[in-house]
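Pasted below: run-v1.tsv, TSV, C-alpha atoms.
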```tsv
chain	number	residue	atom	x	y	z
B	185	MET	CA	0.00	0.00	0.00
B	186	PHE	CA	2.82	2.41	0.86
B	187	THR	CA	4.49	1.82	-2.52
B	188	ILE	CA	1.25	2.50	-4.38
B	189	ARG	CA	0.70	5.73	-2.44
B	190	MET	CA	4.21	6.85	-3.38
B	191	HIS	CA	3.51	6.09	-7.04
B	192	GLN	CA	0.30	8.09	-6.97
B	193	SER	CA	1.43	11.15	-5.09
B	194	TYR	CA	5.05	11.46	-6.18
B	195	ILE	CA	6.61	9.18	-8.78
B	196	PHE	CA	4.09	9.67	-11.61
B	197	PRO	CA	4.02	13.52	-11.58
B	198	GLN	CA	7.76	13.58	-10.91
B	199	LEU	CA	8.43	11.58	-14.09
B	200	LEU	CA	6.15	13.83	-16.13
B	201	GLY	CA	7.73	16.96	-14.62
B	202	GLU	CA	11.23	15.78	-15.53
B	203	CYS	CA	10.09	15.04	-19.09
B	204	VAL	CA	8.43	18.46	-19.42
B	205	THR	CA	11.63	20.20	-18.29
B	206	LYS	CA	13.75	18.25	-20.76
B	207	LEU	CA	11.33	18.69	-23.67
B	208	SER	CA	11.21	22.42	-22.98
B	209	SER	CA	14.85	22.67	-24.11
B	210	MET	CA	14.67	19.96	-26.78
B	211	LYS	CA	11.93	21.76	-28.72
B	212	ASP	CA	14.28	24.70	-29.23
B	213	LYS	CA	15.28	24.90	-32.89
B	214	SER	CA	18.97	25.42	-32.08
B	215	TYR	CA	18.95	22.04	-30.32
B	216	CYS	CA	17.28	20.46	-33.35
B	217	ARG	CA	20.05	21.74	-35.64
B	218	THR	CA	22.80	20.06	-33.66
B	219	THR	CA	24.52	16.92	-34.85
B	220	PRO	CA	22.88	13.89	-33.20
B	221	THR	CA	25.74	12.80	-30.93
B	222	PRO	CA	25.48	9.61	-28.84
B	223	GLU	CA	24.77	11.83	-25.81
B	224	ILE	CA	21.75	13.41	-27.53
B	225	ILE	CA	20.40	10.02	-28.63
B	226	ALA	CA	20.88	8.78	-25.07
B	227	GLU	CA	18.85	11.75	-23.77
B	228	ILE	CA	16.01	10.85	-26.14
B	229	VAL	CA	16.13	7.19	-25.09
B	230	THR	CA	16.02	8.23	-21.41
B	231	LEU	CA	13.07	10.50	-22.11
B	232	ASP	CA	11.22	7.69	-23.86
B	233	HIS	CA	11.96	5.35	-20.95
B	234	LYS	CA	10.57	7.80	-18.37
B	235	LEU	CA	7.34	8.24	-20.32
B	236	ARG	CA	6.93	4.49	-20.66
B	237	THR	CA	7.57	4.09	-16.93
B	238	ALA	CA	4.81	6.63	-16.30
B	239	LEU	CA	2.51	4.54	-18.49
B	240	ASP	CA	3.35	1.45	-16.44
B	241	LEU	CA	1.98	3.26	-13.39
B	242	TYR	CA	-1.38	3.85	-15.09
B	243	PRO	CA	-3.26	1.02	-13.25
B	244	GLU	CA	-2.30	2.57	-9.92
B	245	LEU	CA	-3.83	5.98	-10.68
B	246	LYS	CA	-7.40	4.88	-10.07
B	247	THR	CA	-7.57	5.73	-6.37
B	248	TYR	CA	-6.14	9.22	-6.91
B	249	ILE	CA	-8.00	10.08	-10.12
B	250	PRO	CA	-11.41	8.38	-9.88
B	251	ARG	CA	-12.78	9.58	-13.23
B	252	TYR	CA	-11.96	7.01	-15.89
B	253	ILE	CA	-12.15	9.47	-18.79
B	254	ARG	CA	-9.56	11.76	-17.18
B	255	ARG	CA	-7.16	8.86	-16.61
B	256	GLN	CA	-7.58	7.78	-20.22
B	257	TRP	CA	-6.96	11.35	-21.35
B	258	MET	CA	-3.65	11.36	-19.47
B	259	ARG	CA	-2.73	7.97	-20.85
B	260	ALA	CA	-3.56	8.99	-24.42
B	261	ASN	CA	-1.41	12.13	-24.24
B	262	ILE	CA	1.57	10.17	-22.92
B	263	HIS	CA	1.19	7.72	-25.79
B	264	ARG	CA	1.09	10.69	-28.15
B	265	SER	CA	4.29	12.09	-26.62
B	266	ILE	CA	6.09	8.79	-27.12
B	267	GLN	CA	4.98	8.73	-30.75
B	268	GLU	CA	6.20	12.29	-31.38
B	269	ILE	CA	9.56	11.58	-29.71
B	270	LYS	CA	9.96	8.51	-31.90
B	271	LEU	CA	9.37	10.65	-35.00
B	272	ALA	CA	11.84	13.27	-33.76
B	273	LYS	CA	14.50	10.65	-33.11
B	274	LYS	CA	13.98	9.15	-36.58
B	275	SER	CA	14.29	12.56	-38.26
B	276	LEU	CA	17.26	13.58	-36.11
B	277	SER	CA	19.13	10.37	-37.00
B	278	SER	CA	18.42	10.65	-40.73
B	279	SER	CA	20.90	12.60	-42.84
B	280	CYS	CA	18.45	13.02	-45.73
B	281	GLU	CA	15.26	13.73	-43.78
B	282	ARG	CA	16.76	15.98	-41.11
B	283	ASP	CA	14.62	19.12	-41.00
B	284	PRO	CA	15.11	21.24	-37.84
B	285	LYS	CA	11.64	22.73	-38.21
B	286	HIS	CA	9.92	19.33	-38.25
B	287	ILE	CA	12.09	18.00	-35.43
B	288	SER	CA	11.24	21.06	-33.35
B	289	GLU	CA	7.53	20.51	-34.05
B	290	TYR	CA	7.77	16.86	-32.95
B	291	PHE	CA	9.49	17.79	-29.68
B	292	GLY	CA	7.08	20.72	-29.26
B	293	GLN	CA	4.05	18.48	-29.62
B	294	ALA	CA	5.57	15.96	-27.18
B	295	TYR	CA	6.14	18.83	-24.75
B	296	ILE	CA	2.52	20.01	-24.94
B	297	SER	CA	1.10	16.48	-24.68
B	298	THR	CA	3.31	15.56	-21.70
B	299	TYR	CA	2.60	18.85	-19.94
B	300	TYR	CA	-1.11	18.36	-20.63
B	301	SER	CA	-1.02	15.00	-18.83
B	302	LEU	CA	0.72	16.67	-15.90
B	303	ARG	CA	-1.95	19.40	-15.80
B	304	LEU	CA	-4.66	16.73	-15.77
B	305	TRP	CA	-2.94	15.22	-12.75
B	306	GLU	CA	-2.54	18.56	-10.99
B	307	ALA	CA	-6.19	19.48	-11.60
B	308	GLN	CA	-7.33	16.58	-9.44
B	309	SER	CA	-6.09	18.28	-6.28
B	310	PHE	CA	-7.99	21.42	-7.33
B	311	PHE	CA	-11.22	19.46	-7.85
B	312	THR	CA	-10.84	17.67	-4.52
B	313	ASP	CA	-10.04	20.87	-2.67
B	314	PHE	CA	-12.85	22.78	-4.38
B	315	ILE	CA	-15.42	20.18	-3.29
B	316	THR	CA	-14.17	19.55	0.23
B	317	GLY	CA	-12.41	22.79	1.17
B	318	PRO	CA	-13.66	26.32	1.90
B	319	ILE	CA	-15.00	27.87	-1.30
B	320	ASN	CA	-14.08	31.44	-0.24
B	321	LYS	CA	-10.46	30.96	-1.31
B	322	TYR	CA	-11.63	30.50	-4.92
B	323	LEU	CA	-13.87	33.55	-5.14
B	324	PHE	CA	-12.64	36.52	-7.17
B	325	SER	CA	-13.70	40.10	-7.83
B	326	LEU	CA	-13.16	42.51	-10.71
B	327	SER	CA	-10.04	43.88	-9.03
B	328	ASP	CA	-8.43	40.43	-9.34
B	329	LEU	CA	-8.83	40.29	-13.12
B	330	GLU	CA	-6.60	41.43	-15.97
B	331	VAL	CA	-7.23	42.02	-19.66
B	332	GLY	CA	-6.35	38.79	-21.45
B	333	ASP	CA	-7.68	36.50	-18.70
B	334	ILE	CA	-9.66	33.59	-20.10
B	335	ILE	CA	-13.06	32.92	-18.54
B	336	LEU	CA	-14.42	29.38	-18.75
B	337	SER	CA	-18.08	28.82	-18.01
B	338	TYR	CA	-19.07	25.81	-15.90
B	339	LYS	CA	-22.77	24.90	-16.09
B	340	THR	CA	-24.76	23.09	-13.42
B	341	ALA	CA	-27.02	20.14	-14.26
B	342	GLU	CA	-30.09	22.35	-13.80
B	343	TYR	CA	-28.73	24.90	-16.26
B	344	LEU	CA	-27.92	22.25	-18.88
B	345	GLN	CA	-31.50	20.91	-18.72
B	346	THR	CA	-32.87	24.19	-20.07
B	347	HIS	CA	-30.10	25.19	-22.49
B	348	PRO	CA	-29.84	22.77	-25.45
B	349	ILE	CA	-26.66	24.20	-27.02
B	350	SER	CA	-24.73	24.00	-23.75
B	351	SER	CA	-26.17	20.54	-23.17
B	352	LEU	CA	-24.96	19.42	-26.62
B	353	ILE	CA	-21.43	20.70	-25.95
B	354	SER	CA	-21.42	19.06	-22.52
B	355	PHE	CA	-22.49	15.71	-23.98
B	356	ALA	CA	-19.89	15.82	-26.77
B	357	SER	CA	-16.99	16.86	-24.53
B	358	ASN	CA	-18.02	14.87	-21.43
B	359	SER	CA	-17.66	18.05	-19.39
B	360	SER	CA	-19.78	20.78	-17.81
B	361	ILE	CA	-17.39	23.48	-19.09
B	362	THR	CA	-19.22	24.57	-22.22
B	363	HIS	CA	-18.20	28.14	-23.03
B	364	ALA	CA	-15.08	30.32	-23.21
B	365	SER	CA	-14.51	34.08	-23.25
B	366	ILE	CA	-11.57	36.42	-22.86
B	367	VAL	CA	-11.46	39.63	-20.83
B	368	SER	CA	-11.07	42.52	-23.27
B	369	GLU	CA	-12.06	45.64	-21.33
B	370	LEU	CA	-11.76	46.28	-17.61
B	371	THR	CA	-12.60	49.22	-15.36
B	372	ALA	CA	-13.00	49.58	-11.60
B	373	ASP	CA	-16.67	48.58	-11.72
B	374	SER	CA	-17.25	46.74	-14.99
B	375	MET	CA	-15.83	44.18	-17.37
B	376	LYS	CA	-16.41	43.23	-20.99
B	377	MET	CA	-15.61	39.79	-22.34
B	378	LEU	CA	-14.82	38.95	-25.93
B	379	THR	CA	-16.76	35.87	-26.99
B	380	VAL	CA	-18.90	34.30	-29.67
B	381	ASN	CA	-22.58	34.39	-28.76
B	382	PRO	CA	-25.29	32.77	-30.93
B	383	SER	CA	-27.87	35.31	-29.72
B	384	GLU	CA	-25.61	38.12	-30.96
B	385	LYS	CA	-24.95	36.20	-34.19
B	386	GLY	CA	-21.19	36.13	-33.75
B	387	LEU	CA	-18.18	37.68	-32.07
B	388	CYS	CA	-19.27	40.28	-29.54
B	389	LEU	CA	-18.64	41.90	-26.17
B	390	ILE	CA	-20.73	40.76	-23.21
B	391	ASP	CA	-21.05	41.94	-19.60
B	392	ASN	CA	-19.46	40.11	-16.73
B	393	ALA	CA	-22.57	38.80	-14.93
B	394	PRO	CA	-22.90	34.98	-14.98
B	395	GLU	CA	-26.38	33.52	-15.29
B	396	ILE	CA	-28.05	31.45	-12.59
B	397	GLY	CA	-26.48	27.99	-12.68
B	398	GLU	CA	-23.26	29.28	-14.26
B	399	VAL	CA	-19.86	29.43	-12.54
B	400	TYR	CA	-16.86	31.29	-13.98
B	401	THR	CA	-13.33	29.89	-13.81
B	402	VAL	CA	-10.44	32.26	-14.56
B	403	LEU	CA	-7.24	31.24	-16.35
B	404	ARG	CA	-4.31	33.61	-16.88
B	405	MET	CA	-1.43	33.60	-19.31
B	406	LYS	CA	1.81	32.45	-17.76
B	407	GLU	CA	4.34	35.21	-17.14
B	408	GLU	CA	6.99	33.53	-19.28
B	409	ILE	CA	4.92	33.92	-22.47
B	410	GLU	CA	7.07	36.31	-24.50
B	411	SER	CA	4.31	37.29	-26.91
B	412	LYS	CA	1.92	38.47	-24.17
B	413	THR	CA	2.08	42.10	-25.35
B	414	SER	CA	1.27	41.06	-28.90
B	415	ILE	CA	-1.66	38.92	-27.71
B	416	LEU	CA	-3.10	41.83	-25.73
B	417	SER	CA	-2.66	44.08	-28.76
B	418	ARG	CA	-4.61	41.62	-30.89
B	419	ILE	CA	-7.43	41.49	-28.33
B	420	LYS	CA	-7.57	45.30	-28.32
B	421	SER	CA	-7.67	45.39	-32.12
B	422	ILE	CA	-10.60	42.97	-32.31
B	423	THR	CA	-12.43	44.85	-29.57
B	424	GLU	CA	-12.07	48.12	-31.47
B	425	LYS	CA	-13.47	46.49	-34.61
B	426	ILE	CA	-16.50	45.32	-32.65
B	427	HIS	CA	-17.08	48.86	-31.36
B	428	SER	CA	-16.80	50.25	-34.89
B	429	ASN	CA	-18.93	47.43	-36.33
B	430	SER	CA	-16.22	46.62	-38.87
B	431	LEU	CA	-15.81	42.86	-38.40
B	432	ASP	CA	-16.13	40.75	-41.54
B	433	ARG	CA	-18.35	37.70	-41.93
B	434	SER	CA	-15.61	35.29	-40.84
B	435	PHE	CA	-16.39	36.37	-37.26
B	436	HIS	CA	-20.08	35.50	-37.48
B	437	PHE	CA	-21.36	32.59	-35.40
B	438	SER	CA	-21.34	29.31	-37.32
B	439	GLU	CA	-23.92	26.77	-36.20
B	440	ALA	CA	-22.49	24.30	-38.71
B	441	LYS	CA	-19.07	24.57	-37.07
B	442	LEU	CA	-20.62	24.06	-33.65
B	443	TRP	CA	-22.30	20.83	-34.75
B	444	LEU	CA	-19.14	19.71	-36.53
B	445	SER	CA	-16.95	20.38	-33.50
B	446	CYS	CA	-19.35	18.47	-31.25
B	447	LEU	CA	-19.38	15.51	-33.63
B	448	ILE	CA	-15.58	15.46	-33.94
B	449	GLY	CA	-15.16	15.85	-30.18
B	450	PHE	CA	-17.61	13.04	-29.45
B	451	ILE	CA	-15.87	10.63	-31.86
B	452	GLU	CA	-12.36	11.46	-30.66
B	453	MET	CA	-13.39	11.32	-27.01
B	454	GLY	CA	-15.04	7.95	-27.59
B	455	VAL	CA	-11.95	6.50	-29.26
B	456	MET	CA	-9.78	7.84	-26.46
B	457	ALA	CA	-12.05	6.39	-23.78
B	458	ILE	CA	-12.04	2.93	-25.36
B	459	PHE	CA	-8.46	2.63	-26.63
B	460	GLY	CA	-6.50	5.18	-24.57
B	461	ARG	CA	-5.15	6.74	-27.75
B	462	ILE	CA	-5.62	10.09	-29.45
B	463	TYR	CA	-6.46	10.13	-33.14
B	464	TYR	CA	-7.17	13.56	-34.61
B	465	LEU	CA	-9.67	13.62	-37.43
B	466	PRO	CA	-8.93	15.86	-40.44
B	467	ASP	CA	-9.71	19.52	-39.80
B	468	ILE	CA	-12.53	20.30	-42.21
B	469	SER	CA	-13.69	23.34	-40.25
B	470	THR	CA	-12.21	25.59	-42.94
B	471	LEU	CA	-15.04	24.46	-45.24
B	472	PHE	CA	-17.43	26.47	-43.07
B	473	ARG	CA	-17.35	30.21	-42.75
B	474	GLY	CA	-17.78	31.65	-39.27
B	475	ILE	CA	-16.46	31.00	-35.79
B	476	ILE	CA	-17.26	29.49	-32.37
B	477	CYS	CA	-16.30	30.63	-28.85
B	478	SER	CA	-13.09	28.75	-28.01
B	479	GLU	CA	-11.90	29.00	-31.61
B	480	ILE	CA	-11.31	32.77	-31.35
B	481	ILE	CA	-9.11	32.21	-28.28
B	482	HIS	CA	-7.18	29.51	-30.11
B	483	ILE	CA	-6.70	31.83	-33.12
B	484	ILE	CA	-5.46	34.79	-31.06
B	485	PHE	CA	-2.82	32.68	-29.33
B	486	LYS	CA	-1.78	30.64	-32.35
B	487	GLU	CA	-1.20	33.84	-34.34
B	488	ASN	CA	1.46	34.53	-31.71
B	489	ASP	CA	3.01	31.04	-31.88
B	490	ILE	CA	1.32	29.77	-28.72
B	491	ILE	CA	-0.37	26.37	-29.05
B	492	LEU	CA	-2.74	26.11	-26.10
B	493	THR	CA	-3.68	22.42	-26.35
B	494	PRO	CA	-2.36	19.24	-28.00
B	495	ARG	CA	-5.21	19.37	-30.52
B	496	GLY	CA	-4.31	22.98	-31.37
B	497	ARG	CA	-1.50	21.95	-33.69
B	498	PHE	CA	-3.94	20.07	-35.90
B	499	HIS	CA	-7.34	21.71	-35.31
B	500	ALA	CA	-8.84	25.17	-34.95
B	501	LEU	CA	-11.84	23.62	-33.20
B	502	VAL	CA	-10.59	23.41	-29.63
B	503	GLY	CA	-13.19	22.67	-26.95
B	504	PRO	CA	-13.65	24.96	-23.91
B	505	VAL	CA	-12.75	22.16	-21.47
B	506	GLU	CA	-9.44	21.60	-23.30
B	507	LEU	CA	-8.38	25.13	-22.38
B	508	PHE	CA	-8.78	24.30	-18.69
B	509	TYR	CA	-5.68	22.06	-18.79
B	510	SER	CA	-3.58	24.21	-21.12
B	511	PRO	CA	0.15	24.31	-20.16
B	512	SER	CA	0.27	27.99	-21.20
B	513	LEU	CA	-2.45	29.11	-18.75
```

Written as structure tokens, how would this file's structure read?
Amino acid sequence: MFTIRMHQSYIFPQLLGECVTKLSSMKDKSYCRTTPTPEIIAEIVTLDHKLRTALDLYPELKTYIPRYIRRQWMRANIHRSIQEIKLAKKSLSSSCERDPKHISEYFGQAYISTYYSLRLWEAQSFFTDFITGPINKYLFSLSDLEVGDIILSYKTAEYLQTHPISSLISFASNSSITHASIVSELTADSMKMLTVNPSEKGLCLIDNAPEIGEVYTVLRMKEEIESKTSILSRIKSITEKIHSNSLDRSFHFSEAKLWLSCLIGFIEMGVMAIFGRIYYLPDISTLFRGIICSEIIHIIFKENDIILTPRGRFHALVGPVELFYSPSL
């Protein structure tokens, strides 16, 4: 029993943390341009071994992380990391296929996927504390917020029963986090959030008041994000276009995209739940004009070379719940 408790509370996150630290340097393009010396290959082999050791501990996670889908999500991302590292090693060892950009992308995707698994682990302590601990420590006021903060909307079961769109998103993503916004304007007594709202027919600014049965969760950009100023500038630019009513049709709400994203999310989540693997379907969202809520957040960050979630490298349709575990927030 003691050994299992050590695995759950220390060894598993320690392994992931060590891999995240190493991948943080390996995804640098200067590293990817270096000649693959035996020492570098040995580092990659060690990294692969640590991730596989973490996978071996998967059966022992049940008592710490009771939700099966969350454990499978962690498992799937670790598998994805191992796959990306294998591709990076193959490209790094090949004289004819050695492309620093591709190698950097492989290590970068492994970094995001590994870090995502670690965030899934870390979130469990938050959930446990939120349910059992004093809720006052999690309350926030306007004075605590900053422009650029991401607001995720958690919906209660009662709310979902009377709101079909939120209920659809919740069913497809297996989560009660069904909406995302970003703080764009802030004063001493008011706040405006940039979001996509079907009732407003697209990208708009909404007031800060949550509805009955809705709980806001705030995520903030990490301080080490170098492009933070550029991201804030982009948010300001979009906000000004909304005020001047000069947004083009690409920022209109797309019901077709919403249905498509729910279908894709449901299929991918189902495959992950059954097989413990992540398979990203082709991104056909570009066939539809318009936008959905979490997509605008994904676009703003990706324009500044920040990939918020593992899916973000392949898809523009990133679900609100995926942002909750983002390594960049």

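Remark: for Arg264 (chain B), the closest of the candidate residues B:Met453, B:Leu235, B:Leu302, B:Cys388 is B:Leu235 (distances computed over all atoms listed in the file).
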
| All residues 7 Å or closer to region 490-503 of chain B, all atoms listed in the file, same chain fewer than 4 positions away omitted, as a count of residues only | 14

| note | Glu306 (chain B) proximity check over B:Ile483, B:Leu465, B:Ile249, B:Ile353, using all atoms listed in the file: winner is B:Ile249

| Close residues, Phe437 (chain B) itself excluded, 8 Å, all atoms listed in the file, min 3 positions apart in chain, as a PyMOL selection string | chain B and resi 380-382+385-387+474-476

| request: Fewer than 2 positions away in the same chain doesn't count, so skip those; otherwise give me all residues within 10 Å of Ala457 (chain B), counting all atoms listed in the file, as a list in words. | output: Tyr252, Ile253, Arg254, Arg255, Gln256, Trp257, Arg259, Ala260, Ile451, Glu452, Met453, Gly454, Val455, Phe459, Gly460, Arg461 and Ile462 of chain B

| said: Which residues are close to Asp333 (chain B), i.e. within 12 Å by all atoms listed in the file, leaving aside same-chain residues fewer than 4 positions away? Reply as number ranges by chain. | reply: B: 326, 328-329, 364-370, 375-378, 400-406, 412, 415-416, 419, 481, 507, 512-513

| task | Counting all atoms listed in the file, write as a PyMOL selection string all protein and nucleic acid residues lying at most 12 Å from (10.7, 9.6, -32.5) in the file's frame. | result | chain B and resi 225+228-229+231-232+263-278+286-291+293-294

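Between Ile396 (chain B) and the candidates B:Glu439, B:Ser434, B:Thr346, B:Leu239, the tightest atom-to-atom separation, counting only C-alpha atoms, involves B:Thr346.
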
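Of note, CA of Glu223 (chain B) and CA of Met210 (chain B) are spaced 13.0 Å apart.
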
Output file request: region 288-366 of chain B, with C-alpha atoms, as a CSV table (one decimal), in the first residue's frame.
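The resulting file, result.csv, is shown below:
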```csv
chain,number,residue,atom,x,y,z
B,288,SER,CA,11.2,21.1,-33.4
B,289,GLU,CA,7.5,20.5,-34.1
B,290,TYR,CA,7.8,16.9,-33.0
B,291,PHE,CA,9.5,17.8,-29.7
B,292,GLY,CA,7.1,20.7,-29.3
B,293,GLN,CA,4.1,18.5,-29.6
B,294,ALA,CA,5.6,16.0,-27.2
B,295,TYR,CA,6.1,18.8,-24.7
B,296,ILE,CA,2.5,20.0,-24.9
B,297,SER,CA,1.1,16.5,-24.7
B,298,THR,CA,3.3,15.6,-21.7
B,299,TYR,CA,2.6,18.9,-19.9
B,300,TYR,CA,-1.1,18.4,-20.6
B,301,SER,CA,-1.0,15.0,-18.8
B,302,LEU,CA,0.7,16.7,-15.9
B,303,ARG,CA,-1.9,19.4,-15.8
B,304,LEU,CA,-4.7,16.7,-15.8
B,305,TRP,CA,-2.9,15.2,-12.7
B,306,GLU,CA,-2.5,18.6,-11.0
B,307,ALA,CA,-6.2,19.5,-11.6
B,308,GLN,CA,-7.3,16.6,-9.4
B,309,SER,CA,-6.1,18.3,-6.3
B,310,PHE,CA,-8.0,21.4,-7.3
B,311,PHE,CA,-11.2,19.5,-7.8
B,312,THR,CA,-10.8,17.7,-4.5
B,313,ASP,CA,-10.0,20.9,-2.7
B,314,PHE,CA,-12.8,22.8,-4.4
B,315,ILE,CA,-15.4,20.2,-3.3
B,316,THR,CA,-14.2,19.6,0.2
B,317,GLY,CA,-12.4,22.8,1.2
B,318,PRO,CA,-13.7,26.3,1.9
B,319,ILE,CA,-15.0,27.9,-1.3
B,320,ASN,CA,-14.1,31.4,-0.2
B,321,LYS,CA,-10.5,31.0,-1.3
B,322,TYR,CA,-11.6,30.5,-4.9
B,323,LEU,CA,-13.9,33.6,-5.1
B,324,PHE,CA,-12.6,36.5,-7.2
B,325,SER,CA,-13.7,40.1,-7.8
B,326,LEU,CA,-13.2,42.5,-10.7
B,327,SER,CA,-10.0,43.9,-9.0
B,328,ASP,CA,-8.4,40.4,-9.3
B,329,LEU,CA,-8.8,40.3,-13.1
B,330,GLU,CA,-6.6,41.4,-16.0
B,331,VAL,CA,-7.2,42.0,-19.7
B,332,GLY,CA,-6.4,38.8,-21.4
B,333,ASP,CA,-7.7,36.5,-18.7
B,334,ILE,CA,-9.7,33.6,-20.1
B,335,ILE,CA,-13.1,32.9,-18.5
B,336,LEU,CA,-14.4,29.4,-18.7
B,337,SER,CA,-18.1,28.8,-18.0
B,338,TYR,CA,-19.1,25.8,-15.9
B,339,LYS,CA,-22.8,24.9,-16.1
B,340,THR,CA,-24.8,23.1,-13.4
B,341,ALA,CA,-27.0,20.1,-14.3
B,342,GLU,CA,-30.1,22.3,-13.8
B,343,TYR,CA,-28.7,24.9,-16.3
B,344,LEU,CA,-27.9,22.2,-18.9
B,345,GLN,CA,-31.5,20.9,-18.7
B,346,THR,CA,-32.9,24.2,-20.1
B,347,HIS,CA,-30.1,25.2,-22.5
B,348,PRO,CA,-29.8,22.8,-25.4
B,349,ILE,CA,-26.7,24.2,-27.0
B,350,SER,CA,-24.7,24.0,-23.8
B,351,SER,CA,-26.2,20.5,-23.2
B,352,LEU,CA,-25.0,19.4,-26.6
B,353,ILE,CA,-21.4,20.7,-25.9
B,354,SER,CA,-21.4,19.1,-22.5
B,355,PHE,CA,-22.5,15.7,-24.0
B,356,ALA,CA,-19.9,15.8,-26.8
B,357,SER,CA,-17.0,16.9,-24.5
B,358,ASN,CA,-18.0,14.9,-21.4
B,359,SER,CA,-17.7,18.1,-19.4
B,360,SER,CA,-19.8,20.8,-17.8
B,361,ILE,CA,-17.4,23.5,-19.1
B,362,THR,CA,-19.2,24.6,-22.2
B,363,HIS,CA,-18.2,28.1,-23.0
B,364,ALA,CA,-15.1,30.3,-23.2
B,365,SER,CA,-14.5,34.1,-23.2
B,366,ILE,CA,-11.6,36.4,-22.9
```
